[in-house]
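*Asks:* Data: data36.txt, compact mmCIF, C-alpha atoms.
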# COMPACT_ATOMS: atom_id res chain seq x y z
CA MET A 182 90.82 99.75 53.60
CA LYS A 183 91.19 97.23 56.38
CA PRO A 184 88.45 94.73 56.99
CA PRO A 185 86.56 95.47 60.23
CA ALA A 186 87.56 92.20 61.90
CA ARG A 187 91.04 93.09 63.07
CA LEU A 188 91.98 90.30 65.46
CA THR A 189 92.15 87.02 63.63
CA LEU A 190 94.41 84.81 65.74
CA ALA A 191 93.12 82.31 68.26
CA LEU A 192 94.56 83.95 71.37
CA PRO A 193 94.31 87.70 70.86
CA PRO A 194 90.53 88.23 71.15
CA LEU A 195 90.58 86.89 74.67
CA LEU A 196 93.66 88.92 75.49
CA LEU A 197 91.66 92.02 74.58
CA ALA A 198 88.75 90.76 76.65
CA VAL A 199 90.92 90.49 79.74
CA ALA A 200 92.60 93.87 79.25
CA ALA A 201 90.28 95.51 81.74
CA THR A 202 90.20 92.58 84.15
CA ALA A 203 91.85 93.54 87.41
CA ILE A 204 92.71 90.14 88.84
CA TRP A 205 93.13 86.47 88.04
CA THR A 206 94.37 84.08 90.66
CA GLY A 207 95.30 80.46 90.54
CA GLY A 208 97.19 77.87 92.51
CA PRO A 209 97.08 76.73 96.10
CA GLY A 210 95.20 79.01 98.45
CA SER A 211 93.98 81.23 95.66
CA SER A 212 90.67 83.03 95.56
CA ALA A 213 88.98 85.44 93.15
CA LEU A 214 90.12 88.91 94.20
CA LYS A 215 89.36 92.22 92.61
CA ALA A 216 92.04 94.91 92.57
CA THR A 217 90.70 98.26 93.74
CA ARG A 218 93.86 100.33 94.12
CA GLY A 219 93.64 103.43 91.92
CA GLU A 220 96.03 103.73 89.02
CA ARG A 221 98.70 106.35 89.61
CA LEU A 222 100.91 107.91 86.99
CA ALA A 223 104.48 107.17 88.10
CA ALA A 224 106.71 108.40 85.31
CA ARG A 225 110.17 107.02 85.84
CA ALA A 226 113.39 107.67 83.95
CA ALA A 227 115.06 105.02 81.82
CA PRO A 228 117.84 103.02 83.51
CA ILE A 229 120.91 105.07 84.29
CA THR A 230 124.24 104.26 85.91
CA THR A 231 125.67 106.75 88.38
CA ALA A 232 128.56 106.65 90.80
CA SER A 233 126.19 105.31 93.46
CA CYS A 234 123.84 103.19 91.35
CA ASP A 235 124.35 100.46 88.82
CA PRO A 236 120.78 99.31 88.10
CA THR A 237 121.91 95.99 86.63
CA ALA A 238 123.87 94.91 89.74
CA SER A 239 122.03 92.80 92.31
CA LEU A 240 122.89 91.02 95.55
CA ARG A 241 125.28 88.11 95.13
CA PRO A 242 123.77 84.64 95.75
CA ALA A 243 124.84 82.99 99.00
CA GLY A 244 125.65 79.69 97.30
CA SER A 245 122.89 77.54 95.85
CA ALA A 246 119.18 78.27 96.28
CA ARG A 247 118.50 76.83 99.75
CA VAL A 248 115.59 77.49 102.11
CA THR A 249 117.30 78.25 105.40
CA PRO A 250 115.56 78.34 108.81
CA GLY A 251 114.24 81.79 109.70
CA SER A 252 114.50 83.07 106.15
CA PHE A 253 111.74 84.75 104.17
CA MET A 254 111.73 81.67 101.93
CA ALA A 255 111.00 79.53 105.01
CA ARG A 256 108.00 81.76 105.77
CA ILE A 257 106.75 81.32 102.21
CA ARG A 258 107.19 77.55 102.49
CA ALA A 259 105.28 77.49 105.78
CA ARG A 260 102.41 79.37 104.12
CA GLY A 261 102.26 76.72 101.42
CA TYR A 262 102.46 78.84 98.27
CA LEU A 263 104.32 81.75 96.68
CA ILE A 264 102.30 84.91 95.92
CA ALA A 265 103.37 86.37 92.58
CA GLY A 266 102.24 89.61 90.96
CA VAL A 267 102.07 89.02 87.20
CA ASP A 268 100.55 90.30 83.98
CA GLN A 269 97.67 88.51 82.28
CA SER A 270 97.50 90.42 79.00
CA THR A 271 101.06 90.65 77.62
CA TYR A 272 101.34 87.98 74.95
CA HIS A 273 104.55 85.91 75.23
CA PHE A 274 105.42 87.15 78.74
CA GLY A 275 102.34 86.89 80.95
CA PHE A 276 98.93 86.12 79.45
CA LEU A 277 95.82 84.14 80.19
CA ASN A 278 95.75 81.29 77.68
CA PRO A 279 92.12 80.56 76.74
CA LEU A 280 93.03 77.03 75.67
CA THR A 281 94.46 76.08 79.06
CA GLY A 282 92.80 78.56 81.41
CA LYS A 283 96.24 79.29 82.86
CA ILE A 284 98.55 82.27 82.94
CA GLU A 285 101.59 81.44 80.82
CA GLY A 286 104.66 83.08 79.31
CA PHE A 287 108.34 83.82 79.76
CA ASP A 288 107.85 85.79 82.99
CA ILE A 289 105.67 83.02 84.34
CA ASP A 290 108.40 80.45 83.68
CA MET A 291 110.79 82.56 85.76
CA VAL A 292 108.49 82.69 88.78
CA ARG A 293 107.62 78.98 88.46
CA ALA A 294 111.33 78.24 88.76
CA VAL A 295 111.40 80.20 92.02
CA ALA A 296 108.44 78.22 93.36
CA ALA A 297 110.15 74.97 92.35
CA ALA A 298 113.26 75.99 94.28
CA ILE A 299 111.21 76.69 97.42
CA PHE A 300 108.77 73.79 97.32
CA GLY A 301 110.12 71.30 94.80
CA ASN A 302 106.89 72.01 92.90
CA PRO A 303 106.54 74.83 90.32
CA GLY A 304 102.76 74.86 90.73
CA LYS A 305 102.67 76.14 94.31
CA ILE A 306 101.91 79.73 93.31
CA GLU A 307 99.04 82.12 93.84
CA PHE A 308 99.05 84.40 90.79
CA ARG A 309 97.71 87.92 91.25
CA ALA A 310 97.30 89.75 87.96
CA ILE A 311 98.20 93.40 88.49
CA SER A 312 98.69 96.48 86.34
CA ASP A 313 102.03 98.21 85.78
CA ALA A 314 101.07 100.89 88.32
CA GLN A 315 100.35 98.29 91.02
CA ARG A 316 103.74 96.57 90.86
CA ILE A 317 105.70 98.73 93.31
CA PRO A 318 102.84 99.38 95.79
CA ASP A 319 102.02 95.67 95.98
CA ILE A 320 105.63 94.74 96.70
CA GLN A 321 105.98 97.48 99.31
CA SER A 322 102.74 96.55 101.07
CA GLY A 323 103.53 92.83 101.12
CA ALA A 324 100.48 92.00 99.00
CA VAL A 325 102.78 89.88 96.83
CA ASP A 326 106.12 88.19 97.50
CA ILE A 327 107.56 88.78 94.04
CA VAL A 328 106.64 90.56 90.81
CA ALA A 329 107.39 89.02 87.39
CA HIS A 330 105.91 91.61 85.04
CA THR A 331 108.28 92.86 82.27
CA MET A 332 109.58 95.30 84.89
CA THR A 333 112.52 97.53 84.03
CA ILE A 334 115.20 97.96 86.69
CA ASN A 335 116.32 101.55 87.16
CA CYS A 336 117.90 103.66 89.87
CA VAL A 337 114.64 105.36 90.90
CA ARG A 338 112.84 102.04 91.38
CA LEU A 339 115.80 100.62 93.30
CA GLN A 340 115.07 103.18 96.00
CA GLN A 341 111.64 101.58 96.41
CA VAL A 342 112.02 97.84 95.78
CA GLY A 343 114.77 95.26 95.37
CA PHE A 344 115.51 93.50 92.11
CA SER A 345 117.06 90.28 90.94
CA THR A 346 119.77 90.24 88.34
CA VAL A 347 118.66 90.99 84.79
CA TYR A 348 116.81 88.04 83.26
CA PHE A 349 115.79 89.71 79.98
CA ALA A 350 117.01 92.78 78.09
CA ALA A 351 114.61 94.82 75.93
CA GLY A 352 114.54 98.28 74.37
CA GLN A 353 111.79 100.77 73.60
CA ARG A 354 110.49 101.16 70.02
CA VAL A 355 107.12 102.06 68.47
CA LEU A 356 104.19 100.11 67.05
CA VAL A 357 102.16 101.76 64.28
CA GLU A 358 99.53 100.72 61.78
CA SER A 359 101.01 99.18 58.64
CA GLY A 360 100.05 102.17 56.49
CA SER A 361 101.53 104.76 58.83
CA PRO A 362 104.36 106.89 57.39
CA ALA A 363 106.07 106.95 60.81
CA ARG A 364 109.41 105.18 60.86
CA SER A 365 110.46 105.96 64.43
CA ILE A 366 109.58 107.98 67.53
CA ASN A 367 111.15 110.96 65.74
CA ASP A 368 108.24 111.03 63.28
CA LEU A 369 105.55 111.25 65.97
CA GLY A 370 105.97 114.84 67.13
CA GLY A 371 102.63 116.29 68.20
CA ARG A 372 100.92 112.91 67.76
CA LYS A 373 99.34 110.82 70.51
CA VAL A 374 101.45 107.85 71.59
CA CYS A 375 100.13 105.28 74.07
CA ALA A 376 101.80 103.53 77.01
CA THR A 377 100.71 102.22 80.41
CA VAL A 378 100.41 104.07 83.68
CA GLY A 379 103.39 103.31 85.91
CA SER A 380 105.69 102.18 83.08
CA THR A 381 109.07 103.65 82.18
CA SER A 382 107.72 103.86 78.63
CA ILE A 383 105.36 106.75 79.39
CA ALA A 384 108.25 108.85 80.73
CA ASN A 385 110.42 107.98 77.73
CA ILE A 386 107.66 109.14 75.38
CA ALA A 387 107.34 112.44 77.25
CA ALA A 388 111.11 112.93 77.09
CA ALA A 389 111.43 112.22 73.35
CA PRO A 390 112.95 115.21 71.50
CA SER A 391 110.20 115.05 68.86
CA HIS A 392 107.61 115.90 71.57
CA PRO A 393 104.92 113.25 71.03
CA ILE A 394 101.85 113.47 73.28
CA PRO A 395 101.82 110.68 75.92
CA VAL A 396 98.52 108.86 76.47
CA ALA A 397 98.46 106.66 79.59
CA VAL A 398 96.14 103.66 80.07
CA PRO A 399 96.11 100.74 82.55
CA TYR A 400 96.98 97.85 80.17
CA TRP A 401 98.90 97.34 76.92
CA THR A 402 95.88 95.82 75.24
CA ASP A 403 94.03 99.07 76.00
CA CYS A 404 96.70 100.77 73.89
CA LEU A 405 96.08 98.31 71.06
CA VAL A 406 92.36 99.10 71.08
CA LEU A 407 93.11 102.85 70.94
CA LEU A 408 95.47 102.30 68.00
CA GLN A 409 92.87 100.22 66.17
CA GLN A 410 90.22 102.88 66.75
CA GLY A 411 92.50 105.63 65.48
CA ASP A 412 92.59 107.41 68.84
CA VAL A 413 96.40 107.26 69.01
CA ALA A 414 99.03 107.28 66.28
CA ALA A 415 101.30 104.72 67.91
CA ILE A 416 102.12 102.59 70.91
CA SER A 417 105.59 102.85 72.36
CA THR A 418 107.15 100.45 74.83
CA ASP A 419 109.65 97.62 75.03
CA ASP A 420 110.07 95.73 71.78
CA SER A 421 109.37 92.50 73.65
CA ILE A 422 105.88 93.74 74.54
CA LEU A 423 105.30 95.27 71.11
CA ALA A 424 106.05 91.91 69.48
CA GLY A 425 103.16 90.38 71.41
CA LEU A 426 100.82 93.19 70.39
CA ALA A 427 101.89 92.92 66.75
CA ALA A 428 101.16 89.18 66.86
CA GLN A 429 97.58 90.07 67.83
CA ASP A 430 97.05 92.47 64.94
CA PRO A 431 98.56 91.68 61.52
CA TRP A 432 97.84 95.24 60.34
CA THR A 433 100.49 96.72 62.60
CA ARG A 434 104.28 96.85 62.44
CA ILE A 435 107.14 97.65 64.80
CA ALA A 436 109.13 100.65 63.61
CA GLY A 437 112.41 102.38 64.32
CA PRO A 438 115.50 101.51 66.33
CA ARG A 439 115.58 101.09 70.08
CA PHE A 440 115.82 104.42 71.89
CA SER A 441 116.17 103.09 75.44
CA TYR A 442 117.61 100.14 77.34
CA GLU A 443 115.11 98.18 79.44
CA PRO A 444 116.67 95.44 81.64
CA TYR A 445 113.99 93.30 83.31
CA GLY A 446 114.30 92.09 86.87
CA LEU A 447 112.11 90.20 89.32
CA ALA A 448 110.98 92.72 91.95
CA ILE A 449 111.17 91.85 95.65
CA SER A 450 110.76 93.87 98.84
CA ARG A 451 113.87 95.65 100.08
CA GLN A 452 113.03 94.13 103.48
CA HIS A 453 113.95 90.66 102.18
CA PRO A 454 117.52 90.73 100.81
CA ASP A 455 117.80 87.00 101.58
CA PHE A 456 115.03 86.37 99.07
CA VAL A 457 116.81 88.51 96.45
CA ARG A 458 119.95 86.40 96.89
CA PHE A 459 117.88 83.21 96.72
CA VAL A 460 116.17 84.29 93.48
CA ASN A 461 119.54 85.21 91.99
CA ALA A 462 120.78 81.70 92.78
CA VAL A 463 117.73 80.32 90.94
CA LEU A 464 118.56 82.50 87.93
CA VAL A 465 122.15 81.23 87.95
CA ARG A 466 120.82 77.71 87.50
CA LEU A 467 118.35 78.72 84.78
CA ARG A 468 121.12 80.39 82.77
CA SER A 469 123.42 77.38 83.03
CA ASP A 470 121.13 74.35 82.73
CA GLY A 471 119.28 75.33 79.58
CA GLN A 472 115.96 76.27 81.17
CA TRP A 473 116.31 79.95 80.29
CA ALA A 474 117.13 79.09 76.67
CA ALA A 475 114.24 76.64 76.43
CA SER A 476 111.79 79.22 77.77
CA TYR A 477 113.11 81.86 75.39
CA ALA A 478 112.73 79.52 72.40
CA ARG A 479 109.18 78.58 73.43
CA TRP A 480 107.80 82.04 74.04
CA ILE A 481 109.97 84.44 72.06
CA GLY A 482 111.50 82.38 69.28
CA THR A 483 114.78 81.46 67.71
CA PRO A 484 117.65 82.02 67.38
CA VAL A 485 118.14 82.12 71.13
CA PRO A 486 120.71 84.67 72.34
CA PRO A 487 122.87 84.14 75.41
CA PRO A 488 121.04 85.13 78.59
CA PRO A 489 121.96 88.52 80.08
CA PRO A 490 125.06 88.04 82.24
CA ALA A 491 124.62 88.43 85.99
CA ARG A 492 126.18 91.43 87.69
CA TYR A 493 126.52 91.45 91.47
CA LYS A 494 127.13 93.72 94.42
CA ASP A 495 127.83 92.63 97.98
Translate the structure of the given file into structure tokens.

*Replies:*
Amino acid sequence: MKPPARLTLALPPLLLAVAATAIWTGGPGSSALKATRGERLAARAAPITTASCDPTASLRPAGSARVTPGSFMARIRARGYLIAGVDQSTYHFGFLNPLTGKIEGFDIDMVRAVAAAIFGNPGKIEFRAISDAQRIPDIQSGAVDIVAHTMTINCVRLQQVGFSTVYFAAGQRVLVESGSPARSINDLGGRKVCATVGSTSIANIAAAPSHPIPVAVPYWTDCLVLLQQGDVAAISTDDSILAGLAAQDPWTRIAGPRFSYEPYGLAISRQHPDFVRFVNAVLVRLRSDGQWAASYARWIGTPVPPPPPARYKD
């Protein structure tokens, strides 16, 4: 039998504490805001390539990352800070570090590089911590300039928002308790499997041939609590996110092969293609100058693979 104290690492208890927190802001011009938009279930298919849509192809950079007069980047510079929608409870990618009081992670490094390219200062950001379901509405409404939030690019989402080139490639697997007999999603037929509202993961669970029962919650740490309480049999999402959850609970394990492809992109309004091209130019530099590799080693570990290659459309 497991001891009752499940979370033994320094960071995870606070990550659980912030799971239900709607907003954390920091940086120039920031203020404490509380998200009130209702969560909506937006089940989306896994990335597909059709004759008219290659989800991994983004707008080609127009040279180096330069802030040109009249551009959306110039408007951001005039404001004085970049507004970024991020996660605050996904360990390794976007989480509130209790030791520093700052949001940190691989996704955060990506958006800091964008701020550095606009201002010459990576700290000129107002972070707005949002749920998976808020990502697209907040981009469309202009509440944020960019979203860096383990967000899968797919053809359905490309009809709603723009995306950068792929900066990280993940795949969906399952997280179960160590003593579970389940070895993959195929063993979870008729069992409750947790994912977040607005994620591609919830749709992939529903579409699994074994017919697991999807359970949707706002945050991934909510899923971890449900698993610990025995209310669900598993959590299923990108292996990158599951690795962070597993690091918070040593009595869990990641099981099974990947059963989807989840390419992450930085989401930007379709009204600002110049900003998409600018961000893609920033990513070109990160891939080539070692910054991407250094961030990967810091947050995800070694060995460090090559970064996902950029694919472009004009």

*Asks:* Give the answer as one residue: which of A:Val485, A:Ala297, A:Asp412, A:Glu307 has the shortest atom-to-atom distance to A:Gly471, using only C-alpha atoms?

*Replies:*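 Closest to A:Gly471, using only C-alpha atoms: A:Val485.
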
*Asks:* Taking only C-alpha atoms into account, name the residue in A:Asn302, A:Thr249, A:Gln321, A:Ser441 that is nearest to A:Leu339.

*Replies:* A:Gln321

*Asks:* Using atom CA of A:Tyr272 and atom CA of A:Arg293 as the two end points, give the distance in Å to one decimal.

*Replies:*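 Pair atom CA of A:Tyr272 / atom CA of A:Arg293 returns 17.4 Å.
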
*Asks:* Atom CA of A:Ala363 and atom CA of A:Val413 are how many Å apart?

*Replies:*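 It comes out at 12.7 Å.
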
*Asks:* Just want the 10 Å neighbourhood of A:Pro318, counted on all atoms listed in the file, with same-chain residues fewer than 5 positions away dropped. Output as a PyMOL selection string.

*Replies:* chain A and resi 218+323-325+341-342

*Asks:* Mind dumping the selected residues with C-alpha atoms as a PDB file, in the frame of the given file?

*Replies:*
ATOM      1  CA  ARG A 218      93.860 100.330  94.120  1.00  0.00           C
ATOM      2  CA  GLY A 323     103.530  92.830 101.120  1.00  0.00           C
ATOM      3  CA  ALA A 324     100.480  92.000  99.000  1.00  0.00           C
ATOM      4  CA  VAL A 325     102.780  89.880  96.830  1.00  0.00           C
ATOM      5  CA  GLN A 341     111.640 101.580  96.410  1.00  0.00           C
ATOM      6  CA  VAL A 342     112.020  97.840  95.780  1.00  0.00           C
TER       7      VAL A 342
END

*Asks:* Could you state the separation of atom CA of A:Ile320 and atom CA of A:Val337 in Å, given to one decimal place?

*Replies:*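 One can read the atom CA of A:Ile320 to atom CA of A:Val337 distance as 15.1 Å.
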
*Asks:* Just checking: using all atoms listed in the file, which residue out of A:His453, A:Thr271, A:Ser382, A:Ile366 ends up closest to A:Thr402?

*Replies:*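 Among the listed residues, A:Thr271 lies closest to A:Thr402.
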
*Asks:* Can you tell me which residues surround A:Arg451 at a distance of at most 12 Å, considering all atoms listed in the file, apart from same-chain residues fewer than 2 positions away, and format the answer as a list of chain:residue names?

*Replies:*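 Result of the neighbour search: A:Ser239, A:Leu240, A:Phe253, A:Ile317, A:Ile320, A:Gln321, A:Ser322, A:Gly323, A:Asp326, A:Ile327, A:Arg338, A:Leu339, A:Gln340, A:Gln341, A:Val342, A:Gly343, A:Phe344, A:Ser345, A:Ala448, A:Ile449, A:His453, A:Pro454, A:Asp455, A:Phe456, A:Val457, A:Arg458.
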
*Asks:* Using all atoms listed in the file, which residue out of A:Arg316, A:Phe300, A:Ile383, A:Ser469 lies closest to A:Ala259?

*Replies:*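 Ranking A:Arg316, A:Phe300, A:Ile383, A:Ser469 by distance to A:Ala259, first place goes to A:Phe300.
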
*Asks:* Using all atoms listed in the file, which protein or nucleic acid residues come within 7 Å of A:Val355? Drop anything in the same chain fewer than 4 positions from it, and give the result as a count of residues only.

*Replies:* 9

*Asks:* Rank A:Gly425, A:Gly282, A:Pro484, A:Pro489 by their smallest atom-to-atom distance to A:Leu467, using only C-alpha atoms, and report the top residue only.

*Replies:* A:Pro489

*Asks:* Find, counting only C-alpha atoms, the residue in A:Leu447, A:Val328, A:Leu277, A:Ala474 that gets nearest to A:Tyr348.

*Replies:* A:Leu447

*Asks:* Leaving out A:Ala397 and any residue of its chain fewer than 4 positions from it, which residues lie within 6 Å of it when counting only C-alpha atoms, given as a PyMOL selection string?

*Replies:* chain A and resi 375-378

*Asks:* Fewer than 2 positions away in the same chain doesn't count, so skip those; otherwise give me all residues within 9 Å of A:Ser476, counting all atoms listed in the file, as a PyMOL selection string.

*Replies:* chain A and resi 286-287+290-291+471-474+478-481
